[in-house]
file input.txt (compact mmCIF, C-alpha atoms)
# COMPACT_ATOMS: atom_id res chain seq x y z
CA MET A 1 16.00 -74.97 -38.91
CA VAL A 2 16.50 -71.64 -37.18
CA GLU A 3 18.43 -71.88 -33.93
CA GLN A 4 16.82 -70.00 -31.09
CA GLN A 5 18.76 -68.41 -28.26
CA LEU A 6 17.31 -69.95 -25.09
CA GLN A 7 17.79 -66.86 -22.96
CA ILE A 8 17.68 -63.26 -23.99
CA LEU A 9 18.85 -59.93 -22.69
CA ARG A 10 15.83 -57.80 -21.91
CA PRO A 11 16.22 -54.04 -22.23
CA GLU A 12 14.67 -53.72 -18.78
CA THR A 13 17.80 -55.40 -17.42
CA LEU A 14 20.00 -52.62 -18.78
CA ILE A 15 17.67 -49.97 -17.39
CA ALA A 16 17.77 -51.61 -13.95
CA GLU A 17 21.57 -51.76 -14.03
CA PHE A 18 21.80 -48.11 -15.08
CA LYS A 19 19.51 -47.11 -12.22
CA SER A 20 21.47 -49.17 -9.73
CA ILE A 21 24.72 -47.55 -10.84
CA GLY A 22 23.28 -44.05 -10.60
CA VAL A 23 23.50 -43.18 -14.28
CA THR A 24 22.13 -39.70 -15.01
CA HIS A 25 22.58 -39.44 -18.79
CA VAL A 26 22.74 -41.90 -21.69
CA VAL A 27 24.56 -40.40 -24.67
CA THR A 28 23.53 -42.40 -27.67
CA ILE A 29 22.89 -43.04 -31.29
CA PRO A 30 20.12 -45.59 -31.61
CA ASP A 31 20.77 -48.64 -33.74
CA SER A 32 18.44 -51.13 -35.27
CA GLU A 33 18.75 -53.52 -32.35
CA THR A 34 17.96 -51.11 -29.54
CA ASN A 35 14.78 -49.29 -30.49
CA TYR A 36 12.76 -50.68 -27.58
CA LEU A 37 15.55 -49.84 -25.15
CA TYR A 38 15.48 -46.28 -26.45
CA GLU A 39 11.76 -46.00 -25.83
CA LEU A 40 12.12 -47.36 -22.31
CA MET A 41 14.94 -44.96 -21.45
CA ALA A 42 12.97 -42.00 -22.69
CA LYS A 43 10.19 -42.83 -20.21
CA GLU A 44 12.44 -42.81 -17.13
CA ASP A 45 12.37 -39.49 -15.27
CA TRP A 46 15.69 -40.18 -13.52
CA LEU A 47 17.47 -40.62 -16.83
CA GLU A 48 18.17 -38.05 -19.55
CA VAL A 49 18.74 -39.38 -23.05
CA VAL A 50 21.15 -37.29 -25.12
CA PRO A 51 20.94 -38.16 -28.82
CA VAL A 52 24.03 -37.24 -30.82
CA SER A 53 24.68 -37.15 -34.54
CA ARG A 54 27.87 -39.20 -34.77
CA GLU A 55 29.38 -41.65 -32.31
CA GLY A 56 32.57 -39.63 -31.84
CA GLU A 57 30.50 -36.92 -30.21
CA SER A 58 29.32 -39.29 -27.52
CA MET A 59 32.64 -39.53 -25.65
CA ALA A 60 33.03 -35.74 -25.76
CA VAL A 61 29.51 -35.05 -24.51
CA ALA A 62 30.09 -37.61 -21.78
CA LEU A 63 33.31 -35.85 -20.77
CA GLY A 64 31.45 -32.56 -20.39
CA LEU A 65 28.80 -34.26 -18.28
CA ASN A 66 31.49 -35.90 -16.16
CA VAL A 67 33.15 -32.53 -15.55
CA ALA A 68 29.74 -31.24 -14.46
CA GLY A 69 29.53 -34.02 -11.88
CA LYS A 70 27.04 -36.22 -13.71
CA VAL A 71 27.21 -39.96 -14.43
CA PRO A 72 26.97 -40.48 -18.19
CA VAL A 73 26.97 -43.74 -20.12
CA VAL A 74 27.73 -43.99 -23.83
CA LEU A 75 25.41 -46.33 -25.76
CA ILE A 76 26.47 -46.97 -29.35
CA GLN A 77 27.12 -49.76 -31.85
CA ASN A 78 30.50 -51.34 -32.60
CA THR A 79 30.59 -49.76 -36.06
CA GLY A 80 30.32 -46.29 -34.56
CA MET A 81 32.82 -47.13 -31.85
CA MET A 82 35.42 -47.97 -34.46
CA GLU A 83 34.75 -44.67 -36.20
CA SER A 84 35.32 -42.89 -32.89
CA GLY A 85 38.93 -43.85 -32.29
CA ASP A 86 40.31 -40.33 -31.94
CA SER A 87 37.51 -39.31 -29.62
CA ILE A 88 38.02 -42.38 -27.44
CA ARG A 89 41.70 -41.46 -27.25
CA GLY A 90 41.39 -37.74 -26.64
CA MET A 91 38.06 -37.46 -24.81
CA ALA A 92 38.12 -40.62 -22.72
CA LEU A 93 41.50 -42.34 -22.35
CA ASP A 94 43.45 -39.11 -21.90
CA THR A 95 41.09 -37.45 -19.46
CA GLY A 96 41.22 -39.46 -16.26
CA PHE A 97 37.44 -39.75 -15.91
CA PRO A 98 35.44 -42.96 -15.67
CA LEU A 99 33.32 -43.80 -18.70
CA LEU A 100 31.11 -46.83 -19.22
CA MET A 101 30.61 -47.54 -22.92
CA VAL A 102 27.81 -49.96 -23.77
CA VAL A 103 28.41 -51.17 -27.30
CA GLY A 104 26.11 -53.22 -29.46
CA TYR A 105 28.12 -56.12 -30.86
CA ARG A 106 26.80 -56.20 -34.42
CA GLY A 107 27.57 -59.53 -36.03
CA TRP A 108 28.37 -61.34 -32.77
CA THR A 109 27.81 -65.07 -32.82
CA ARG A 110 28.68 -67.73 -30.28
CA LYS A 111 29.75 -70.01 -33.08
CA GLY A 112 33.04 -68.20 -33.40
CA HIS A 113 32.54 -67.37 -37.04
CA THR A 114 30.82 -64.36 -38.50
CA PRO A 115 30.62 -62.96 -41.99
CA ASP A 116 30.20 -59.46 -40.52
CA SER A 117 33.48 -57.54 -40.49
CA ALA A 118 32.01 -55.24 -37.82
CA ALA A 119 32.23 -58.20 -35.44
CA VAL A 120 35.56 -59.44 -36.79
CA TYR A 121 37.32 -56.19 -35.92
CA THR A 122 35.53 -55.24 -32.69
CA GLU A 123 37.71 -57.03 -30.17
CA PRO A 124 40.98 -56.33 -32.04
CA PHE A 125 39.97 -52.65 -31.96
CA LEU A 126 39.36 -52.76 -28.21
CA ASN A 127 42.65 -54.54 -27.65
CA ALA A 128 44.51 -51.99 -29.77
CA PHE A 129 43.19 -49.22 -27.51
CA HIS A 130 43.92 -51.29 -24.39
CA LEU A 131 40.24 -51.10 -23.43
CA ASN A 132 38.98 -53.76 -21.08
CA TYR A 133 35.60 -55.21 -21.95
CA TYR A 134 32.83 -57.44 -20.66
CA LEU A 135 30.44 -59.50 -22.77
CA VAL A 136 26.75 -59.42 -21.88
CA GLU A 137 24.48 -61.84 -23.73
CA THR A 138 21.55 -62.61 -21.45
CA ASP A 139 19.79 -61.29 -18.36
CA GLU A 140 22.02 -63.51 -16.24
CA ASP A 141 25.00 -61.45 -17.37
CA GLY A 142 23.43 -58.17 -16.29
CA ALA A 143 25.59 -57.80 -13.19
CA ARG A 144 28.61 -57.49 -15.47
CA ILE A 145 27.39 -54.00 -16.30
CA THR A 146 27.83 -52.99 -12.68
CA ASP A 147 31.18 -54.80 -12.61
CA ALA A 148 32.30 -52.82 -15.63
CA TYR A 149 31.10 -49.58 -14.07
CA ASN A 150 32.95 -50.29 -10.83
CA GLU A 151 36.08 -50.95 -12.85
CA THR A 152 35.80 -47.68 -14.74
CA VAL A 153 35.37 -45.75 -11.48
CA LYS A 154 38.35 -47.53 -9.95
CA THR A 155 40.67 -47.13 -12.94
CA LYS A 156 39.35 -43.77 -14.23
CA ARG A 157 39.49 -45.26 -17.69
CA PRO A 158 36.77 -46.18 -20.16
CA VAL A 159 35.49 -49.75 -19.88
CA VAL A 160 33.30 -51.39 -22.51
CA VAL A 161 30.28 -53.65 -22.18
CA LEU A 162 29.66 -55.54 -25.40
CA ILE A 163 26.04 -56.46 -25.95
CA GLY A 164 26.25 -59.81 -27.71
CA ASP A 165 22.54 -60.18 -28.07
CA GLU A 166 22.44 -61.94 -31.43
CA TYR A 167 19.74 -59.46 -32.41
CA HIS A 168 17.19 -60.80 -29.93
CA GLY A 169 15.39 -59.11 -27.12
CA PHE A 170 15.93 -55.42 -27.79
CA ASN A 171 13.27 -55.25 -30.44
CA ARG A 172 9.70 -55.87 -29.51
CA MET B 1 36.25 -8.55 -40.32
CA ILE B 2 36.88 -8.11 -36.61
CA GLU B 3 40.19 -8.83 -34.91
CA SER B 4 39.82 -11.79 -32.56
CA LYS B 5 41.20 -9.85 -29.64
CA GLU B 6 38.58 -7.13 -30.23
CA VAL B 7 35.88 -9.79 -30.19
CA PHE B 8 37.08 -10.99 -26.81
CA GLU B 9 37.42 -7.46 -25.41
CA ALA B 10 33.86 -6.67 -26.44
CA PHE B 11 32.58 -9.99 -25.06
CA GLN B 12 34.38 -9.60 -21.73
CA LYS B 13 32.17 -6.62 -20.85
CA HIS B 14 29.13 -8.90 -21.06
CA ARG B 15 30.63 -12.09 -19.67
CA GLY B 16 29.19 -11.83 -16.22
CA ASN B 17 29.82 -15.10 -14.42
CA ALA B 18 29.76 -17.28 -17.53
CA ILE B 19 31.96 -20.33 -18.00
CA VAL B 20 34.05 -19.69 -21.12
CA SER B 21 35.78 -22.08 -23.51
CA VAL B 22 38.04 -21.00 -26.37
CA GLN B 23 40.01 -22.89 -28.98
CA GLY B 24 42.04 -22.46 -32.14
CA THR B 25 44.66 -19.88 -33.06
CA SER B 26 42.13 -17.07 -32.64
CA GLY B 27 41.31 -18.23 -29.15
CA LYS B 28 44.79 -17.53 -27.80
CA HIS B 29 43.88 -13.87 -27.26
CA TRP B 30 41.34 -14.74 -24.59
CA ALA B 31 44.15 -15.32 -22.10
CA ASP B 32 45.03 -11.60 -22.33
CA VAL B 33 41.44 -10.51 -21.73
CA THR B 34 39.86 -12.86 -19.19
CA THR B 35 39.48 -11.74 -15.61
CA ASN B 36 38.19 -15.02 -14.18
CA GLN B 37 40.47 -17.90 -15.14
CA ASN B 38 38.77 -20.28 -12.72
CA ARG B 39 35.74 -20.17 -15.00
CA ASP B 40 37.74 -20.62 -18.20
CA ILE B 41 37.89 -24.20 -19.42
CA SER B 42 39.77 -25.99 -22.17
CA MET B 43 38.08 -29.09 -23.60
CA GLY B 44 40.11 -29.72 -26.73
CA GLY B 45 41.97 -32.93 -27.32
CA ALA B 46 40.19 -34.76 -30.15
CA MET B 47 39.56 -33.54 -33.66
CA GLY B 48 36.47 -31.36 -33.81
CA GLN B 49 35.05 -32.60 -30.49
CA SER B 50 35.52 -29.69 -28.08
CA THR B 51 32.12 -28.30 -29.05
CA ALA B 52 30.46 -31.59 -28.10
CA ALA B 53 32.32 -31.59 -24.79
CA ILE B 54 31.20 -28.04 -23.96
CA PHE B 55 27.67 -28.98 -25.00
CA GLY B 56 27.83 -31.82 -22.47
CA LEU B 57 29.08 -29.39 -19.84
CA ALA B 58 26.18 -27.04 -20.56
CA LEU B 59 23.70 -29.91 -20.24
CA GLY B 60 25.22 -30.91 -16.92
CA LEU B 61 25.21 -27.35 -15.55
CA PRO B 62 21.83 -25.95 -16.55
CA ASN B 63 22.05 -23.12 -14.02
CA GLU B 64 25.35 -21.80 -15.40
CA LYS B 65 25.75 -19.74 -18.57
CA VAL B 66 28.22 -21.63 -20.78
CA VAL B 67 29.93 -19.84 -23.68
CA HIS B 68 32.00 -21.60 -26.33
CA PHE B 69 34.24 -19.88 -28.88
CA ASP B 70 34.46 -22.39 -31.72
CA THR B 71 36.38 -22.30 -34.99
CA GLU B 72 35.04 -23.17 -38.41
CA GLY B 73 37.73 -25.77 -39.10
CA ALA B 74 36.81 -27.65 -35.95
CA LEU B 75 33.07 -27.29 -36.53
CA LEU B 76 33.33 -28.64 -40.07
CA MET B 77 34.88 -31.81 -38.71
CA ASN B 78 31.68 -32.53 -36.82
CA LEU B 79 28.94 -30.37 -38.26
CA GLY B 80 26.30 -32.74 -36.94
CA VAL B 81 26.94 -31.45 -33.43
CA LEU B 82 24.81 -28.44 -34.32
CA ALA B 83 21.78 -30.71 -34.63
CA SER B 84 22.71 -32.50 -31.41
CA ILE B 85 22.85 -29.17 -29.57
CA ALA B 86 19.69 -27.79 -31.14
CA GLY B 87 17.86 -31.00 -30.30
CA LYS B 88 18.50 -30.66 -26.56
CA LYS B 89 17.83 -26.90 -26.56
CA PRO B 90 20.27 -25.92 -23.79
CA ALA B 91 18.97 -22.47 -22.81
CA ASN B 92 22.27 -21.68 -21.09
CA PHE B 93 24.50 -22.23 -24.13
CA VAL B 94 26.00 -19.49 -26.32
CA HIS B 95 28.02 -20.72 -29.28
CA PHE B 96 30.37 -18.24 -30.94
CA LEU B 97 32.18 -19.16 -34.15
CA LEU B 98 35.38 -17.31 -35.02
CA ASP B 99 35.57 -17.90 -38.76
CA ASN B 100 38.95 -17.13 -40.31
CA GLY B 101 38.24 -19.24 -43.39
CA CYS B 102 41.31 -21.42 -43.07
CA TYR B 103 43.30 -23.92 -41.06
CA ALA B 104 45.58 -21.29 -39.53
CA THR B 105 47.51 -23.71 -37.41
CA THR B 106 48.64 -25.79 -40.40
CA GLY B 107 49.69 -22.92 -42.63
CA GLY B 108 46.49 -21.23 -43.73
CA GLN B 109 45.01 -23.68 -46.21
CA PRO B 110 41.36 -22.72 -46.87
CA VAL B 111 38.58 -24.80 -45.34
CA PRO B 112 36.14 -26.27 -47.88
CA ASN B 113 34.05 -23.59 -49.58
CA SER B 114 35.51 -20.98 -47.24
CA GLU B 115 34.38 -18.00 -49.35
CA ASP B 116 30.71 -18.87 -49.60
CA ILE B 117 29.64 -20.95 -46.62
CA ASP B 118 27.23 -19.34 -44.12
CA TYR B 119 27.44 -21.11 -40.78
CA SER B 120 24.66 -19.09 -39.18
CA VAL B 121 22.24 -20.34 -41.83
CA ILE B 122 23.28 -23.92 -41.07
CA ALA B 123 22.82 -23.35 -37.32
CA ALA B 124 19.41 -21.78 -37.91
CA GLY B 125 18.44 -24.73 -40.07
CA THR B 126 19.30 -27.20 -37.33
CA GLY B 127 17.05 -25.35 -34.92
CA TYR B 128 19.17 -22.99 -32.80
CA ALA B 129 16.94 -20.57 -30.92
CA ALA B 130 18.71 -17.53 -32.40
CA THR B 131 21.55 -16.94 -34.84
CA TYR B 132 23.71 -13.93 -35.71
CA ASN B 133 26.33 -12.99 -38.27
CA PHE B 134 28.87 -10.20 -37.74
CA ASP B 135 31.80 -8.69 -39.56
CA ASP B 136 31.63 -5.28 -37.90
CA LEU B 137 32.80 -4.62 -34.34
CA GLU B 138 30.26 -1.94 -33.55
CA GLU B 139 27.35 -4.13 -34.62
CA LEU B 140 28.69 -6.98 -32.53
CA SER B 141 29.24 -4.74 -29.50
CA THR B 142 25.72 -3.34 -29.57
CA SER B 143 24.23 -6.86 -29.89
CA LEU B 144 26.15 -8.62 -27.13
CA ASP B 145 23.78 -7.68 -24.35
CA GLU B 146 20.90 -9.26 -26.27
CA ILE B 147 23.00 -12.29 -27.23
CA MET B 148 24.00 -12.99 -23.65
CA SER B 149 20.62 -12.37 -22.08
CA GLN B 150 18.32 -14.50 -24.22
CA ASP B 151 17.58 -18.21 -23.98
CA GLY B 152 19.80 -20.41 -26.07
CA PRO B 153 21.13 -22.17 -27.83
CA VAL B 154 22.40 -19.03 -29.53
CA PHE B 155 24.83 -19.13 -32.46
CA VAL B 156 27.05 -16.16 -33.35
CA ALA B 157 29.25 -16.35 -36.46
CA ILE B 158 32.00 -13.73 -36.67
CA LYS B 159 34.43 -13.18 -39.52
CA VAL B 160 37.98 -12.75 -38.19
CA PRO B 161 41.31 -12.41 -39.99
CA ALA B 162 43.55 -15.44 -40.10
CA GLU B 163 46.59 -15.51 -37.85
CA VAL B 164 48.55 -18.13 -39.74
CA GLU B 165 51.29 -20.06 -38.00
CA ASN B 166 53.77 -21.46 -40.48
CA LEU B 167 56.67 -22.48 -38.29
CA PRO B 168 57.05 -26.14 -37.40
CA ILE B 169 55.14 -26.79 -34.20
CA GLY B 170 58.31 -27.36 -32.20
CA MET B 171 59.65 -23.92 -33.17
CA ARG B 172 56.55 -21.90 -32.34
CA GLU B 173 56.47 -19.51 -29.43
CA ARG B 174 54.54 -21.22 -26.67
CA ARG B 175 52.35 -19.23 -24.36
CA THR B 176 52.20 -20.30 -20.79
CA SER B 177 48.81 -21.81 -20.37
CA ARG B 178 47.04 -24.20 -18.07
CA SER B 179 46.57 -27.76 -19.23
CA ARG B 180 43.12 -29.13 -19.99
CA GLY B 181 43.23 -31.15 -16.79
CA GLN B 182 44.13 -28.08 -14.76
CA THR B 183 41.28 -26.03 -16.20
CA ILE B 184 38.88 -28.87 -15.45
CA SER B 185 40.15 -29.19 -11.87
CA ASP B 186 39.96 -25.42 -11.31
CA LEU B 187 36.41 -25.19 -12.67
CA ARG B 188 35.18 -28.13 -10.60
CA ALA B 189 36.73 -26.57 -7.49
CA GLU B 190 35.09 -23.24 -8.35
CA LEU B 191 31.72 -24.97 -8.70
CA GLY B 192 32.16 -27.21 -5.67
CA ILE B 193 32.08 -30.44 -7.68
CA SER B 194 34.12 -33.23 -6.12

call {"tool": "encode", "arguments": {"input": "input.txt", "output": "structure tokens"}}
result
Amino acid sequence: MVEQQLQILRPETLIAEFKSIGVTHVVTIPDSETNYLYELMAKEDWLEVVPVSREGESMAVALGLNVAGKVPVVLIQNTGMMESGDSIRGMALDTGFPLLMVVGYRGWTRKGHTPDSAAVYTEPFLNAFHLNYYLVETDEDGARITDAYNETVKTKRPVVVLIGDEYHGFNR
Amino acid sequence: MIESKEVFEAFQKHRGNAIVSVQGTSGKHWADVTTNQNRDISMGGAMGQSTAAIFGLALGLPNEKVVHFDTEGALLMNLGVLASIAGKKPANFVHFLLDNGCYATTGGQPVPNSEDIDYSVIAAGTGYAATYNFDDLEELSTSLDEIMSQDGPVFVAIKVPAEVENLPIGMRERRTSRSRGQTISDLRAELGIS
């Protein structure tokens, strides 16, 4: 029998949080779990989507936007985040600018066991970089996105929101 | 080939009020040529990512001309950024590439396929609005007005001689220069960004 998650995280919740925060740009590489979110973002006239070719670019593009006085958010998957270690170091941690990174938690499961090494190494990676993070699984957790943003503004360090959606909700 | 300093001297005449970023061993000569340091910015700090950072700056400042002097070693580390830039079509972005064919800062080892690669063809293929290739100073000088006045993104590949540094980093002569953070602070103050 397939277990169903009782509550889901709707992409509209992320959009609403981004709008509330005042996000101007989402720098992103779409992943298989976020295609509907991508379509919704592209329709919003207050939000500019900046597609990049590799996740490491996203922190650098966000830095440039920050310097220009904008409010960027990075939206990537945990696999790409791990590939971006040097960019996180040099273009985010070392710069003294706030940066909210919303990261799809591929392989996340509430059961505490996953066969997906992308999930196995995600939190150890964040801990190695001393990056604080918040887990968002359902609409009820949406306010954590604003909490994470407020923390990144206060600390002038990147803060991560992990989207532990168990592959529900972001696809139509 | 064109000496890097000659490239900068020719460019300076057409700079206008542009924000300028330089990097790499060739870029050091810009400090001797620039007349508006408050609009010079350094965005290095992660391997091959300064181009992406300047691209972000150009997106965030659409009413400012933004000029980036890239190097081929850095660009090769993140060649996909060309497609990212071309995809957003920043009309205010001019992307120079000073191609010395090697990693000058690590002793002059050649970059992959250094003899045969044509970066302007790659940029054109990703969709840059215009691309150029120069190895002659006079041709570059007579084209700079057009390069700087048209809508971007514009890509300009220039062959320059390598200025190889072989001493251990700790023994190299250091030029007095502003830190990345200082250039960012100065530019934001210049632009009135708090």

call {"tool": "closest_atom_pairs", "arguments": {"input": "input.txt", "of": "chain A", "to": "chain B", "cutoff": "6 Å", "atoms": "only C-alpha atoms", "output": "CSV"}}
result
residue,atom,partner,partner_atom,distance
A:Val52,CA,B:Ser84,CA,5.0
A:Ser53,CA,B:Gly80,CA,5.3
A:Glu57,CA,B:Ala52,CA,5.7
A:Ala60,CA,B:Ala53,CA,4.3
A:Val61,CA,B:Gly56,CA,4.2
A:Leu63,CA,B:Ala53,CA,5.9
A:Gly64,CA,B:Leu57,CA,4.0
A:Leu65,CA,B:Gly56,CA,4.9
A:Ala68,CA,B:Gly60,CA,5.2
A:Asp86,CA,B:Ala46,CA,5.9
A:Ser87,CA,B:Ala46,CA,5.3
A:Gly90,CA,B:Ala46,CA,4.8

call {"tool": "closest_residue", "arguments": {"input": "input.txt", "among": "B:Leu75, B:Thr183, B:Glu173, B:Asn113", "to": "Ser21 of chain B", "atoms": "all atoms listed in the file"}}
result
B:Thr183

call {"tool": "closest_residue", "arguments": {"input": "input.txt", "among": "A:Met82, A:Val103, A:Ala92, A:Val161", "to": "Ala128 of chain A", "atoms": "only C-alpha atoms"}}
result
A:Met82

call {"tool": "residues_around", "arguments": {"input": "input.txt", "residues": "His68 of chain B", "least_positions_apart": "5", "cutoff": "7 Å", "atoms": "only C-alpha atoms", "output": "mmCIF file with C-alpha atoms, in the coordinates of the input"}}
result
data_model
loop_
_atom_site.group_PDB
_atom_site.id
_atom_site.type_symbol
_atom_site.label_atom_id
_atom_site.label_comp_id
_atom_site.auth_asym_id
_atom_site.auth_seq_id
_atom_site.Cartn_x
_atom_site.Cartn_y
_atom_site.Cartn_z
ATOM 1 C CA VAL B 20 34.050 -19.690 -21.120
ATOM 2 C CA SER B 21 35.780 -22.080 -23.510
ATOM 3 C CA VAL B 22 38.040 -21.000 -26.370
ATOM 4 C CA ILE B 54 31.200 -28.040 -23.960
ATOM 5 C CA VAL B 94 26.000 -19.490 -26.320
ATOM 6 C CA HIS B 95 28.020 -20.720 -29.280
ATOM 7 C CA PHE B 96 30.370 -18.240 -30.940
#

call {"tool": "closest_residue", "arguments": {"input": "input.txt", "among": "B:Asp186, B:Asp145, B:Thr106, B:Ala124", "to": "Gln12 of chain B", "atoms": "only C-alpha atoms"}}
result
B:Asp145

call {"tool": "closest_residue", "arguments": {"input": "input.txt", "among": "B:Ser177, B:Thr105, B:Asn63, B:Thr71", "to": "Asp32 of chain B", "atoms": "all atoms listed in the file"}}
result
B:Ser177

call {"tool": "atom_distance", "arguments": {"input": "input.txt", "atom1": "atom CA of Met91 of chain A", "atom2": "atom CA of Thr24 of chain A"}}
result
18.8 Å

call {"tool": "atom_distance", "arguments": {"input": "input.txt", "atom1": "atom CA of Gly107 of chain B", "atom2": "atom CA of Gly170 of chain B"}}
result
14.2 Å

call {"tool": "residues_around", "arguments": {"input": "input.txt", "residues": "Gly85 of chain A", "least_positions_apart": "3", "cutoff": "9 Å", "atoms": "only C-alpha atoms", "output": "number ranges by chain"}}
result
A: 56, 81-82, 88-90, 125, 129

call {"tool": "atom_distance", "arguments": {"input": "input.txt", "atom1": "atom CA of Pro51 of chain A", "atom2": "atom CA of Thr28 of chain A"}}
result
5.1 Å

call {"tool": "closest_residue", "arguments": {"input": "input.txt", "among": "B:Ala86, B:Met148, B:Cys102, B:Ile41", "to": "Ala74 of chain B", "atoms": "all atoms listed in the file"}}
result
B:Cys102

call {"tool": "residues_near_point", "arguments": {"input": "input.txt", "point": "(29.9, -59.1, -38.5)", "cutoff": "9 Å", "atoms": "all atoms listed in the file", "output": "MDAnalysis selection string"}}
result
chainID A and resid 105:109 113:122
